[in-house]
$ cat query.cif   # mmCIF, C-alpha atoms
data_input
#
loop_
_atom_site.group_PDB
_atom_site.id
_atom_site.type_symbol
_atom_site.label_atom_id
_atom_site.label_comp_id
_atom_site.auth_asym_id
_atom_site.auth_seq_id
_atom_site.Cartn_x
_atom_site.Cartn_y
_atom_site.Cartn_z
ATOM 1 C CA MET A 1 24.201 24.323 -10.900
ATOM 2 C CA ASN A 2 20.663 23.345 -11.887
ATOM 3 C CA GLN A 3 19.948 23.942 -15.571
ATOM 4 C CA ILE A 4 16.585 23.691 -17.318
ATOM 5 C CA GLU A 5 15.543 24.834 -20.769
ATOM 6 C CA GLY A 6 12.702 27.336 -20.965
ATOM 7 C CA GLN A 7 11.155 29.830 -23.351
ATOM 8 C CA ILE A 8 10.757 33.571 -22.855
ATOM 9 C CA SER A 9 7.026 34.261 -22.568
ATOM 10 C CA SER A 10 7.012 37.896 -21.406
ATOM 11 C CA ILE A 11 9.388 40.820 -20.959
ATOM 12 C CA GLN A 12 8.593 43.886 -18.865
ATOM 13 C CA SER A 13 11.408 46.453 -18.887
ATOM 14 C CA THR A 14 12.201 49.749 -17.254
ATOM 15 C CA GLU A 15 15.272 51.854 -18.009
ATOM 16 C CA HIS A 16 17.785 49.450 -16.468
ATOM 17 C CA MET A 17 16.091 46.165 -15.651
ATOM 18 C CA SER A 18 13.659 43.584 -16.940
ATOM 19 C CA LEU A 19 11.214 41.154 -15.408
ATOM 20 C CA VAL A 20 11.271 38.134 -17.705
ATOM 21 C CA GLY A 21 8.513 35.517 -17.727
ATOM 22 C CA LEU A 22 9.599 32.004 -18.653
ATOM 23 C CA ASN A 23 7.487 29.101 -19.854
ATOM 24 C CA MET A 24 9.232 26.053 -18.407
ATOM 25 C CA GLY A 25 6.791 23.530 -19.890
ATOM 26 C CA ASN A 26 4.269 21.317 -18.135
ATOM 27 C CA GLY A 27 2.307 24.393 -17.023
ATOM 28 C CA ILE A 28 5.166 25.822 -14.969
ATOM 29 C CA GLU A 29 6.012 29.513 -15.254
ATOM 30 C CA PHE A 30 9.157 31.094 -13.803
ATOM 31 C CA GLN A 31 10.202 34.708 -13.428
ATOM 32 C CA SER A 32 13.667 36.241 -13.514
ATOM 33 C CA ILE A 33 14.690 39.810 -12.759
ATOM 34 C CA LEU A 34 17.687 41.022 -14.759
ATOM 35 C CA LEU A 35 19.831 44.140 -14.783
ATOM 36 C CA ASP A 36 19.458 44.104 -18.568
ATOM 37 C CA THR A 37 16.864 45.203 -21.094
ATOM 38 C CA VAL A 38 15.966 44.264 -24.652
ATOM 39 C CA ALA A 39 18.315 47.062 -25.730
ATOM 40 C CA THR A 40 21.293 45.742 -23.722
ATOM 41 C CA ALA A 41 20.874 41.960 -24.062
ATOM 42 C CA ASN A 42 20.174 40.612 -27.538
ATOM 43 C CA TYR A 43 18.985 37.237 -26.200
ATOM 44 C CA LEU A 44 15.931 38.888 -24.589
ATOM 45 C CA GLN A 45 13.396 38.099 -27.309
ATOM 46 C CA MET A 46 9.835 36.844 -26.997
ATOM 47 C CA GLY A 47 9.590 33.133 -27.779
ATOM 48 C CA LYS A 48 13.349 32.569 -27.590
ATOM 49 C CA ARG A 49 14.538 29.285 -26.060
ATOM 50 C CA ILE A 50 16.838 29.956 -23.112
ATOM 51 C CA ASN A 51 18.811 28.104 -20.452
ATOM 52 C CA VAL A 52 17.486 28.768 -16.969
ATOM 53 C CA LEU A 53 20.074 28.254 -14.232
ATOM 54 C CA PHE A 54 20.085 28.475 -10.446
ATOM 55 C CA LYS A 55 22.516 27.330 -7.776
ATOM 56 C CA GLU A 56 21.774 24.317 -5.611
ATOM 57 C CA THR A 57 22.063 26.574 -2.558
ATOM 58 C CA GLU A 58 19.272 28.808 -3.908
ATOM 59 C CA LEU A 59 16.673 26.043 -4.063
ATOM 60 C CA VAL A 60 14.407 26.370 -1.004
ATOM 61 C CA ILE A 61 12.551 23.246 0.151
ATOM 62 C CA ALA A 62 9.177 23.167 1.941
ATOM 63 C CA LYS A 63 7.122 20.167 3.005
ATOM 64 C CA GLU A 64 3.924 22.204 2.599
ATOM 65 C CA VAL A 65 3.145 21.972 -1.105
ATOM 66 C CA ASN A 66 0.370 24.605 -1.030
ATOM 67 C CA ILE A 67 2.307 27.277 0.829
ATOM 68 C CA ASN A 68 1.374 30.942 0.295
ATOM 69 C CA ILE A 69 4.736 32.699 0.036
ATOM 70 C CA SER A 70 6.303 35.522 -1.953
ATOM 71 C CA LEU A 71 8.762 33.268 -3.796
ATOM 72 C CA GLU A 72 7.712 33.388 -7.455
ATOM 73 C CA ASN A 73 9.237 30.194 -8.816
ATOM 74 C CA LYS A 74 7.754 26.972 -7.471
ATOM 75 C CA ILE A 75 8.091 23.338 -8.537
ATOM 76 C CA SER A 76 6.577 20.279 -6.866
ATOM 77 C CA GLY A 77 8.838 17.298 -6.569
ATOM 78 C CA THR A 78 9.588 14.038 -4.846
ATOM 79 C CA ILE A 79 12.778 13.487 -2.886
ATOM 80 C CA THR A 80 14.697 10.621 -4.501
ATOM 81 C CA GLU A 81 18.017 10.892 -2.638
ATOM 82 C CA ILE A 82 19.376 12.482 0.516
ATOM 83 C CA GLU A 83 23.111 12.642 1.227
ATOM 84 C CA LYS A 84 23.630 14.045 4.712
ATOM 85 C CA GLY A 85 26.907 15.695 5.563
ATOM 86 C CA GLU A 86 28.051 17.196 8.799
ATOM 87 C CA ILE A 87 27.026 20.719 7.724
ATOM 88 C CA LEU A 88 25.167 20.417 4.401
ATOM 89 C CA SER A 89 22.778 17.871 2.960
ATOM 90 C CA ARG A 90 22.346 17.224 -0.759
ATOM 91 C CA ILE A 91 18.705 16.648 -1.715
ATOM 92 C CA LYS A 92 17.830 15.239 -5.135
ATOM 93 C CA LEU A 93 14.304 15.875 -6.383
ATOM 94 C CA ASP A 94 12.353 14.343 -9.231
ATOM 95 C CA SER A 95 10.094 17.004 -10.799
ATOM 96 C CA VAL A 96 8.148 17.428 -14.028
ATOM 97 C CA LEU A 97 11.098 19.540 -15.219
ATOM 98 C CA GLY A 98 13.607 16.777 -14.483
ATOM 99 C CA ASP A 99 15.996 16.174 -11.627
ATOM 100 C CA LEU A 100 16.847 19.116 -9.376
ATOM 101 C CA ILE A 101 19.507 19.336 -6.689
ATOM 102 C CA ALA A 102 19.196 21.365 -3.485
ATOM 103 C CA LEU A 103 21.855 21.971 -0.858
ATOM 104 C CA VAL A 104 20.366 22.729 2.541
ATOM 105 C CA SER A 105 21.840 22.755 6.000
ATOM 106 C CA THR A 106 21.755 19.378 7.681
ATOM 107 C CA LEU A 107 20.082 21.138 10.601
ATOM 108 C CA SER A 108 17.212 22.188 8.274
ATOM 109 C CA CYS A 109 17.050 18.727 6.723
ATOM 110 C CA ASP A 110 16.667 17.215 10.178
ATOM 111 C CA SER A 111 14.213 19.835 11.476
ATOM 112 C CA LEU A 112 11.973 19.260 8.427
ATOM 113 C CA SER A 113 12.358 15.472 8.873
ATOM 114 C CA LEU A 114 13.051 15.154 5.142
ATOM 115 C CA GLU A 115 12.967 11.592 3.849
ATOM 116 C CA VAL A 116 13.182 9.859 0.484
ATOM 117 C CA GLN A 117 9.739 9.762 -1.196
ATOM 118 C CA ASP A 118 8.550 12.945 0.568
ATOM 119 C CA GLN A 119 6.507 15.270 -1.645
ATOM 120 C CA VAL A 120 7.991 18.765 -1.355
ATOM 121 C CA LEU A 121 7.788 22.187 -2.906
ATOM 122 C CA ALA A 122 11.021 23.601 -4.340
ATOM 123 C CA MET A 123 11.204 27.389 -4.677
ATOM 124 C CA ILE A 124 13.671 29.918 -6.123
ATOM 125 C CA LYS A 125 13.617 33.710 -5.718
ATOM 126 C CA PHE A 126 13.362 35.502 -9.065
ATOM 127 C CA ASN A 127 16.642 37.355 -8.517
ATOM 128 C CA GLU A 128 18.474 34.019 -8.213
ATOM 129 C CA VAL A 129 17.355 32.748 -11.639
ATOM 130 C CA ILE A 130 20.096 33.228 -14.247
ATOM 131 C CA LEU A 131 19.334 33.256 -17.987
ATOM 132 C CA SER A 132 21.825 32.097 -20.578
ATOM 133 C CA PRO A 133 21.350 31.972 -24.356
ATOM 134 C CA ILE A 134 21.220 28.529 -25.923
#
$ encode --input "query.cif" --output "structure tokens"
Amino acid sequence: MNQIEGQISSIQSTEHMSLVGLNMGNGIEFQSILLDTVATANYLQMGKRINVLFKETELVIAKEVNINISLENKISGTITEIEKGEILSRIKLDSVLGDLIALVSTLSCDSLSLEVQDQVLAMIKFNEVILSPI
């Protein structure tokens, strides 16, 4: 599980869900959609420090760093390690937010011709971003 510390920068709620903006530092903003509101989750407070988590399997990798896509959460990084398995490959990225780990199919790793030192764009859908109080 990837874990990064962030700070809640915006909260937009309806009756049963919230879109939470997160300042991750270094000019990076994330978004998370939650089935909670300020009334149902006491950790949803403007300015509150929060743990931001997402699974390694939810980190999408693209070699195009200026891609126009509907994924809200994007981080540029450099591949520092690749461990290829028969089915899955473990990709380690160095980013301004620290090290991130992605698990992608080895087929995808090969079709993208991923190599150590490649500059890539890592992306996470907003519904895959988990928030946890610090």
$ residues_around --input "query.cif" --residues "region 18-33 of chain A" --least-positions-apart "4" --cutoff "6 Å" --atoms "all atoms listed in the file" --output "PDB file with C-alpha atoms, in the coordinates of the input"
ATOM      1  CA  GLY A   6      12.702  27.336 -20.965  1.00  0.00           C
ATOM      2  CA  GLN A   7      11.155  29.830 -23.351  1.00  0.00           C
ATOM      3  CA  ILE A   8      10.757  33.571 -22.855  1.00  0.00           C
ATOM      4  CA  SER A   9       7.026  34.261 -22.568  1.00  0.00           C
ATOM      5  CA  SER A  10       7.012  37.896 -21.406  1.00  0.00           C
ATOM      6  CA  ILE A  11       9.388  40.820 -20.959  1.00  0.00           C
ATOM      7  CA  GLN A  12       8.593  43.886 -18.865  1.00  0.00           C
ATOM      8  CA  SER A  13      11.408  46.453 -18.887  1.00  0.00           C
ATOM      9  CA  THR A  37      16.864  45.203 -21.094  1.00  0.00           C
ATOM     10  CA  ASN A  73       9.237  30.194  -8.816  1.00  0.00           C
ATOM     11  CA  PHE A 126      13.362  35.502  -9.065  1.00  0.00           C
ATOM     12  CA  ASN A 127      16.642  37.355  -8.517  1.00  0.00           C
ATOM     13  CA  VAL A 129      17.355  32.748 -11.639  1.00  0.00           C
TER      14      VAL A 129
END
$ residues_near_point --input "query.cif" --point "(9.3, 17.7, 3.9)" --cutoff "8 Å" --atoms "only C-alpha atoms" --output "count of residues only"
11
$ residues_around --input "query.cif" --residues "region 74-83 of chain A" --least-positions-apart "4" --cutoff "8 Å" --atoms "all atoms listed in the file" --output "ChimeraX atom specification"
/A:28,30,65,89-96,115-124
$ atom_distance --input "query.cif" --atom1 "CA of Ile134 (chain A)" --atom2 "CA of Glu72 (chain A)"
23.4 Å
$ atom_distance --input "query.cif" --atom1 "CA of Ser111 (chain A)" --atom2 "CA of Glu86 (chain A)"
14.3 Å
$ closest_residue --input "query.cif" --among "A:Leu53, A:Leu35, A:Met1, A:Met17" --to "Leu131 (chain A)" --atoms "all atoms listed in the file"
A:Leu53
$ residues_around --input "query.cif" --residues "Ile87 (chain A)" --least-positions-apart "3" --cutoff "12 Å" --atoms "all atoms listed in the file" --output "list of chain:residue names"
A:Glu83, A:Lys84, A:Arg90, A:Leu103, A:Val104, A:Ser105, A:Thr106, A:Leu107, A:Ser108, A:Cys109, A:Asp110
$ atom_distance --input "query.cif" --atom1 "CA of Asn51 (chain A)" --atom2 "CA of Glu5 (chain A)"
4.6 Å
$ closest_residue --input "query.cif" --among "A:Ser132, A:Ile4, A:Tyr43, A:Leu100" --to "Thr57 (chain A)" --atoms "all atoms listed in the file"
A:Leu100
$ resolve_selection --input "query.cif" --expression "the PyMOL selection byres ((chain A and resi 54) around 7)" --output "PDB file with C-alpha atoms, keeping the file's coordinate frame"
ATOM      1  CA  MET A   1      24.201  24.323 -10.900  1.00  0.00           C
ATOM      2  CA  ASN A   2      20.663  23.345 -11.887  1.00  0.00           C
ATOM      3  CA  GLN A   3      19.948  23.942 -15.571  1.00  0.00           C
ATOM      4  CA  LEU A  53      20.074  28.254 -14.232  1.00  0.00           C
ATOM      5  CA  LYS A  55      22.516  27.330  -7.776  1.00  0.00           C
ATOM      6  CA  GLU A  56      21.774  24.317  -5.611  1.00  0.00           C
ATOM      7  CA  GLU A  58      19.272  28.808  -3.908  1.00  0.00           C
ATOM      8  CA  GLU A 128      18.474  34.019  -8.213  1.00  0.00           C
ATOM      9  CA  VAL A 129      17.355  32.748 -11.639  1.00  0.00           C
ATOM     10  CA  ILE A 130      20.096  33.228 -14.247  1.00  0.00           C
TER      11      ILE A 130
END
